[in-house]
$ cat model.cif   # mmCIF, C-alpha atoms
data_my_file
loop_
_atom_site.group_PDB
_atom_site.id
_atom_site.type_symbol
_atom_site.label_atom_id
_atom_site.label_comp_id
_atom_site.auth_asym_id
_atom_site.auth_seq_id
_atom_site.Cartn_x
_atom_site.Cartn_y
_atom_site.Cartn_z
ATOM 1 C CA ASP V 17 50.649 -19.201 19.718
ATOM 2 C CA LEU V 18 50.723 -17.805 23.253
ATOM 3 C CA PHE V 19 49.531 -21.035 24.883
ATOM 4 C CA THR V 20 51.469 -23.573 22.791
ATOM 5 C CA SER V 21 53.841 -25.693 24.832
ATOM 6 C CA ILE V 22 57.535 -25.564 24.049
ATOM 7 C CA TYR V 23 57.634 -29.228 25.065
ATOM 8 C CA GLU V 24 56.874 -31.754 22.335
ATOM 9 C CA ASP V 25 55.907 -34.595 24.686
ATOM 10 C CA THR V 26 52.554 -33.840 26.310
ATOM 11 C CA ASN V 27 53.322 -36.323 29.094
ATOM 12 C CA PHE V 28 55.544 -33.683 30.698
ATOM 13 C CA CYS V 29 54.478 -30.356 32.148
ATOM 14 C CA PRO V 30 56.610 -27.232 32.399
ATOM 15 C CA ILE V 31 56.078 -26.259 36.036
ATOM 16 C CA LYS V 32 56.732 -22.682 37.273
ATOM 17 C CA SER V 33 60.062 -23.779 38.743
ATOM 18 C CA ARG V 34 61.006 -24.594 35.145
ATOM 19 C CA ASN V 35 61.499 -28.222 36.132
ATOM 20 C CA VAL V 36 59.995 -30.757 33.807
ATOM 21 C CA VAL V 37 57.576 -32.962 35.707
ATOM 22 C CA SER V 38 55.988 -36.118 34.369
ATOM 23 C CA CYS V 39 52.209 -36.157 34.673
ATOM 24 C CA LYS V 40 52.475 -39.943 34.960
ATOM 25 C CA ASP V 41 54.638 -39.714 38.103
ATOM 26 C CA THR V 42 52.270 -40.593 40.961
ATOM 27 C CA SER V 43 54.839 -39.457 43.529
ATOM 28 C CA GLN V 44 54.279 -35.831 42.459
ATOM 29 C CA ALA V 45 52.045 -33.703 44.678
ATOM 30 C CA ALA V 46 49.129 -31.951 43.011
ATOM 31 C CA SER V 47 49.340 -28.173 43.295
ATOM 32 C CA GLN V 48 45.537 -27.828 42.947
ATOM 33 C CA SER V 49 42.622 -30.086 43.957
ATOM 34 C CA TYR V 50 41.642 -30.660 40.303
ATOM 35 C CA GLU V 51 45.152 -31.745 39.238
ATOM 36 C CA VAL V 52 45.763 -35.488 38.783
ATOM 37 C CA PHE V 53 49.040 -37.375 38.393
ATOM 38 C CA GLY V 54 48.786 -40.939 37.111
ATOM 39 C CA SER V 55 49.188 -43.339 34.208
ATOM 40 C CA ASN V 56 46.320 -41.688 32.276
ATOM 41 C CA SER V 57 47.340 -38.088 32.976
ATOM 42 C CA ARG V 58 48.555 -35.606 30.365
ATOM 43 C CA CYS V 59 49.841 -32.052 30.375
ATOM 44 C CA PHE V 60 47.331 -29.258 29.756
ATOM 45 C CA GLU V 61 48.255 -25.595 29.400
ATOM 46 C CA THR V 62 46.000 -22.919 30.866
ATOM 47 C CA SER V 63 45.109 -19.311 30.167
ATOM 48 C CA LYS V 64 46.965 -18.476 33.398
ATOM 49 C CA ARG V 65 50.185 -19.344 31.531
ATOM 50 C CA ASN V 66 50.903 -22.406 33.594
ATOM 51 C CA SER V 67 50.450 -26.127 33.047
ATOM 52 C CA ILE V 68 48.469 -28.721 34.942
ATOM 53 C CA CYS V 69 48.184 -32.486 34.801
ATOM 54 C CA LEU V 70 44.731 -33.908 34.109
ATOM 55 C CA GLU V 71 43.366 -37.357 33.332
ATOM 56 C CA ALA V 72 42.840 -37.724 29.588
ATOM 57 C CA LYS V 73 42.067 -40.440 27.084
ATOM 58 C CA CYS V 74 41.158 -40.947 23.461
ATOM 59 C CA ASN V 75 37.488 -41.218 22.648
ATOM 60 C CA ALA V 76 37.641 -43.280 19.464
ATOM 61 C CA GLU V 77 33.884 -43.177 18.865
ATOM 62 C CA ALA V 78 33.800 -39.373 18.916
ATOM 63 C CA GLN V 79 37.325 -39.035 17.405
ATOM 64 C CA LYS V 80 38.167 -36.537 20.161
ATOM 65 C CA VAL V 81 40.302 -36.051 23.261
ATOM 66 C CA GLN V 82 38.347 -36.656 26.465
ATOM 67 C CA PHE V 83 39.609 -35.175 29.718
ATOM 68 C CA ASN V 84 38.434 -34.862 33.291
ATOM 69 C CA PHE V 85 38.575 -31.486 34.970
ATOM 70 C CA ASN V 86 37.327 -31.409 38.544
ATOM 71 C CA GLY V 87 34.937 -34.328 37.984
ATOM 72 C CA VAL V 88 33.513 -32.975 34.710
ATOM 73 C CA PHE V 89 34.381 -34.783 31.463
ATOM 74 C CA HIS V 90 35.036 -32.671 28.374
ATOM 75 C CA LEU V 91 35.399 -33.676 24.703
ATOM 76 C CA CYS V 92 37.554 -31.570 22.411
ATOM 77 C CA ASP V 93 39.337 -31.657 19.042
ATOM 78 C CA GLY V 94 42.542 -29.956 20.105
ATOM 79 C CA GLY V 95 43.604 -26.342 20.313
ATOM 80 C CA GLU V 96 40.352 -24.918 21.655
ATOM 81 C CA MET V 97 40.044 -23.335 25.095
ATOM 82 C CA ILE V 98 37.661 -24.943 27.602
ATOM 83 C CA ASP V 99 36.146 -22.782 30.361
ATOM 84 C CA THR V 100 36.781 -24.383 33.758
ATOM 85 C CA GLY V 101 34.329 -22.185 35.634
ATOM 86 C CA LEU V 102 37.164 -21.294 38.020
ATOM 87 C CA GLY V 103 38.330 -18.102 36.321
ATOM 88 C CA PHE V 104 40.656 -19.659 33.766
ATOM 89 C CA ASP V 105 40.533 -21.819 30.641
ATOM 90 C CA VAL V 106 42.283 -25.083 29.816
ATOM 91 C CA GLU V 107 43.684 -25.573 26.324
ATOM 92 C CA CYS V 108 42.824 -28.917 24.791
ATOM 93 C CA PRO V 109 45.990 -30.657 23.529
ATOM 94 C CA GLU V 110 46.098 -31.518 19.841
ATOM 95 C CA LEU V 111 44.395 -34.812 18.986
ATOM 96 C CA LYS V 112 47.550 -36.027 17.243
ATOM 97 C CA ALA V 113 49.567 -35.558 20.462
ATOM 98 C CA ILE V 114 47.180 -37.436 22.745
ATOM 99 C CA CYS V 115 45.658 -39.892 20.255
ATOM 100 C CA PRO V 116 48.107 -40.554 17.416
ATOM 101 C CA ASN V 117 46.316 -43.818 16.630
ATOM 102 C CA LEU V 118 43.205 -41.802 15.619
ATOM 103 C CA ILE V 119 45.102 -39.931 12.897
ATOM 104 C CA CYS V 120 46.197 -41.238 9.510
ATOM 105 C CA PRO V 121 49.914 -41.014 8.662
ATOM 106 C CA ALA V 122 50.737 -37.488 7.432
ATOM 107 C CA ASN V 123 46.975 -36.936 7.148
ATOM 108 C CA CYS V 124 47.268 -38.825 3.852
ATOM 109 C CA SER V 125 49.606 -36.127 2.481
ATOM 110 C CA GLY V 126 46.637 -34.268 1.042
ATOM 111 C CA ARG V 127 46.412 -37.027 -1.585
ATOM 112 C CA GLY V 128 43.710 -39.172 -0.080
ATOM 113 C CA MET V 129 41.055 -39.594 2.561
ATOM 114 C CA CYS V 130 41.462 -40.967 6.072
ATOM 115 C CA ASP V 131 39.137 -43.901 6.764
ATOM 116 C CA HIS V 132 38.255 -43.567 10.462
ATOM 117 C CA SER V 133 35.859 -46.538 10.418
ATOM 118 C CA LEU V 134 38.660 -48.915 11.379
ATOM 119 C CA GLU V 135 40.247 -49.250 14.830
ATOM 120 C CA LYS V 136 43.477 -47.854 13.347
ATOM 121 C CA PRO V 137 42.625 -45.321 10.607
ATOM 122 C CA VAL V 138 44.106 -45.915 7.153
ATOM 123 C CA CYS V 139 44.524 -43.739 4.089
ATOM 124 C CA ILE V 140 42.497 -44.361 0.959
ATOM 125 C CA CYS V 141 44.710 -42.765 -1.666
ATOM 126 C CA ASP V 142 43.344 -40.812 -4.625
ATOM 127 C CA ASP V 143 45.843 -42.657 -6.829
ATOM 128 C CA PRO V 144 44.737 -46.318 -6.858
ATOM 129 C CA PHE V 145 48.337 -47.356 -7.610
ATOM 130 C CA ASP V 146 49.722 -45.558 -4.533
ATOM 131 C CA GLN V 147 50.031 -48.267 -1.880
ATOM 132 C CA THR V 148 52.096 -46.185 0.564
ATOM 133 C CA GLU V 149 50.774 -45.857 4.125
ATOM 134 C CA GLY V 150 50.380 -42.066 3.939
ATOM 135 C CA CYS V 151 49.665 -41.596 0.196
ATOM 136 C CA PHE V 152 53.234 -40.383 -0.219
ATOM 137 C CA GLY V 153 53.237 -41.305 -3.921
ATOM 138 C CA ALA V 154 55.713 -43.412 -5.839
ATOM 139 C CA GLY V 155 57.446 -40.396 -7.379
ATOM 140 C CA ILE V 156 57.209 -38.835 -10.805
ATOM 141 C CA ILE V 157 58.153 -41.004 -13.755
#

$ encode --input "model.cif" --output "structure tokens"
Amino acid sequence: DLFTSIYEDTNFCPIKSRNVVSCKDTSQAASQSYEVFGSNSRCFETSKRNSICLEAKCNAEAQKVQFNFNGVFHLCDGGEMIDTGLGFDVECPELKAICPNLICPANCSGRGMCDHSLEKPVCICDDPFDQTEGCFGAGII
């Protein structure tokens, strides 16, 4: 994917100088008025092929990433492009990267259903004898 970050940790942004900058580092200077460095900031890639730091959090009720761009709050699932109204789009980071607590382990391995009604989602396995956290199965006997 053209806009997928090569960096696994979304707390760090690849800046044009190719230095890795932490979005949580409040000593960093914002390159644009809408960019925010702080404890709740995460790295967002843009359609301009650069990265910016924006405030983001998990919205457990909606099961989505919520982020603030220039005073406007957006909800997204992850992967979609959000129009900023400033001539470029911001790519929503994957939900599992920003909100791992909203995702079941291994998405229940395709052998169960994720129960999102709890504060920390849990797998309900298709096999009633499978008590593993991610419906990994006990193996073939």

$ closest_residue --input "model.cif" --among "V:Ala78, V:Ile140, V:Leu134, V:Ile98" --to "Leu111 of chain V" --atoms "all atoms listed in the file"
V:Ala78

$ residues_around --input "model.cif" --residues "segment 122-133 of chain V" --least-positions-apart "6" --cutoff "9 Å" --atoms "only C-alpha atoms" --output "JSON, numbers by chain"
{"V": [79, 139, 140, 141, 142, 143, 149, 150, 151, 152, 153]}

$ resolve_selection --input "model.cif" --expression "the PyMOL selection byres ((chain V and resi 86) around 8)" --output "PyMOL selection string"
chain V and resi 49-51+84-85+87-88

$ atom_distance --input "model.cif" --atom1 "atom CA of Ser47 of chain V" --atom2 "atom CA of Cys59 of chain V"
13.5 Å

$ resolve_selection --input "model.cif" --expression "the PyMOL selection byres ((chain V and resi 97) around 7)" --output "list in words"
Gly95, Glu96, Ile98, Asp99, Asp105, Val106, Glu107 and Cys108 of chain V

$ atom_distance --input "model.cif" --atom1 "atom CA of Cys39 of chain V" --atom2 "atom CA of Pro121 of chain V"
26.6 Å

$ resolve_selection --input "model.cif" --expression "the PyMOL selection byres ((chain V and resi 68) around 10)" --output "PDB file with C-alpha atoms, in the coordinates of the input"
ATOM      1  CA  PHE V  28      55.544 -33.683  30.698  1.00  0.00           C
ATOM      2  CA  CYS V  29      54.478 -30.356  32.148  1.00  0.00           C
ATOM      3  CA  PRO V  30      56.610 -27.232  32.399  1.00  0.00           C
ATOM      4  CA  ILE V  31      56.078 -26.259  36.036  1.00  0.00           C
ATOM      5  CA  CYS V  39      52.209 -36.157  34.673  1.00  0.00           C
ATOM      6  CA  ALA V  46      49.129 -31.951  43.011  1.00  0.00           C
ATOM      7  CA  SER V  47      49.340 -28.173  43.295  1.00  0.00           C
ATOM      8  CA  GLN V  48      45.537 -27.828  42.947  1.00  0.00           C
ATOM      9  CA  TYR V  50      41.642 -30.660  40.303  1.00  0.00           C
ATOM     10  CA  GLU V  51      45.152 -31.745  39.238  1.00  0.00           C
ATOM     11  CA  VAL V  52      45.763 -35.488  38.783  1.00  0.00           C
ATOM     12  CA  PHE V  53      49.040 -37.375  38.393  1.00  0.00           C
ATOM     13  CA  SER V  57      47.340 -38.088  32.976  1.00  0.00           C
ATOM     14  CA  ARG V  58      48.555 -35.606  30.365  1.00  0.00           C
ATOM     15  CA  CYS V  59      49.841 -32.052  30.375  1.00  0.00           C
ATOM     16  CA  PHE V  60      47.331 -29.258  29.756  1.00  0.00           C
ATOM     17  CA  GLU V  61      48.255 -25.595  29.400  1.00  0.00           C
ATOM     18  CA  THR V  62      46.000 -22.919  30.866  1.00  0.00           C
ATOM     19  CA  ASN V  66      50.903 -22.406  33.594  1.00  0.00           C
ATOM     20  CA  SER V  67      50.450 -26.127  33.047  1.00  0.00           C
ATOM     21  CA  CYS V  69      48.184 -32.486  34.801  1.00  0.00           C
ATOM     22  CA  LEU V  70      44.731 -33.908  34.109  1.00  0.00           C
ATOM     23  CA  VAL V 106      42.283 -25.083  29.816  1.00  0.00           C
TER      24      VAL V 106
END

$ atom_distance --input "model.cif" --atom1 "atom CA of Cys120 of chain V" --atom2 "atom CA of Ala72 of chain V"
20.7 Å

$ residues_around --input "model.cif" --residues "Asn56 of chain V" --least-positions-apart "5" --cutoff "12 Å" --atoms "all atoms listed in the file" --output "number ranges by chain"
V: 26-27, 38-42, 69-74, 82-84, 114

$ closest_residue --input "model.cif" --among "V:Pro144, V:Pro137, V:Gly54, V:Gly94" --to "Pro109 of chain V" --atoms "all atoms listed in the file"
V:Gly94

$ residues_around --input "model.cif" --residues "Ala76 of chain V" --least-positions-apart "3" --cutoff "9 Å" --atoms "all atoms listed in the file" --output "JSON, numbers by chain"
{"V": [79, 80, 81, 115, 118, 135]}

$ decode --input "model.cif" --residues "segment 27-93 of chain V" --atoms "C-alpha atoms" --output "compact mmCIF listing (two decimals), in the first residue's frame"
# COMPACT_ATOMS: atom_id res chain seq x y z
CA ASN V 27 3.78 6.55 18.19
CA PHE V 28 6.67 7.52 15.91
CA CYS V 29 6.49 9.50 12.70
CA PRO V 30 8.90 9.27 9.78
CA ILE V 31 9.69 12.94 9.17
CA LYS V 32 11.08 14.17 5.81
CA SER V 33 14.58 14.34 7.30
CA ARG V 34 14.20 10.59 7.79
CA ASN V 35 14.61 11.06 11.53
CA VAL V 36 12.17 9.18 13.67
CA VAL V 37 10.29 11.60 15.89
CA SER V 38 8.03 10.63 18.76
CA CYS V 39 4.57 12.18 18.56
CA LYS V 40 4.52 12.06 22.36
CA ASP V 41 7.60 14.30 22.63
CA THR V 42 6.22 17.71 23.65
CA SER V 43 9.59 19.35 22.99
CA GLN V 44 9.09 18.82 19.24
CA ALA V 45 7.94 21.82 17.21
CA ALA V 46 4.84 21.37 15.08
CA SER V 47 5.53 21.87 11.38
CA GLN V 48 1.88 22.84 10.72
CA SER V 49 -0.77 24.59 12.86
CA TYR V 50 -2.94 21.44 12.96
CA GLU V 51 -0.10 19.18 14.17
CA VAL V 52 -0.07 18.25 17.88
CA PHE V 53 2.68 16.64 19.94
CA GLY V 54 1.65 15.24 23.32
CA SER V 55 0.83 12.19 25.41
CA ASN V 56 -2.32 11.47 23.35
CA SER V 57 -0.76 12.07 19.93
CA ARG V 58 -0.21 9.40 17.27
CA CYS V 59 1.37 9.26 13.85
CA PHE V 60 -0.89 9.74 10.83
CA GLU V 61 0.24 9.39 7.22
CA THR V 62 -1.12 11.73 4.57
CA SER V 63 -1.80 11.66 0.85
CA LYS V 64 1.08 14.14 0.51
CA ARG V 65 3.41 11.23 1.40
CA ASN V 66 4.43 12.69 4.71
CA SER V 67 3.44 12.03 8.31
CA ILE V 68 1.93 14.27 10.94
CA CYS V 69 1.22 13.94 14.64
CA LEU V 70 -2.40 14.33 15.72
CA GLU V 71 -4.30 13.79 18.96
CA ALA V 72 -6.05 10.42 18.87
CA LYS V 73 -7.88 8.11 21.24
CA CYS V 74 -9.97 4.98 21.28
CA ASN V 75 -13.71 5.42 21.19
CA ALA V 76 -14.83 2.22 22.90
CA GLU V 77 -18.54 2.93 22.46
CA ALA V 78 -18.20 3.30 18.69
CA GLN V 79 -15.35 0.73 18.44
CA LYS V 80 -13.40 3.23 16.33
CA VAL V 81 -10.33 5.46 16.34
CA GLN V 82 -11.18 9.08 17.15
CA PHE V 83 -8.78 11.83 16.13
CA ASN V 84 -8.68 15.60 16.12
CA PHE V 85 -7.65 17.40 12.97
CA ASN V 86 -7.65 21.18 13.19
CA GLY V 87 -10.38 21.22 15.85
CA VAL V 88 -12.64 18.73 14.05
CA PHE V 89 -13.08 15.25 15.55
CA HIS V 90 -13.25 12.30 13.16
CA LEU V 91 -14.21 8.65 13.79
CA CYS V 92 -12.72 5.94 11.61
CA ASP V 93 -12.15 2.17 11.45
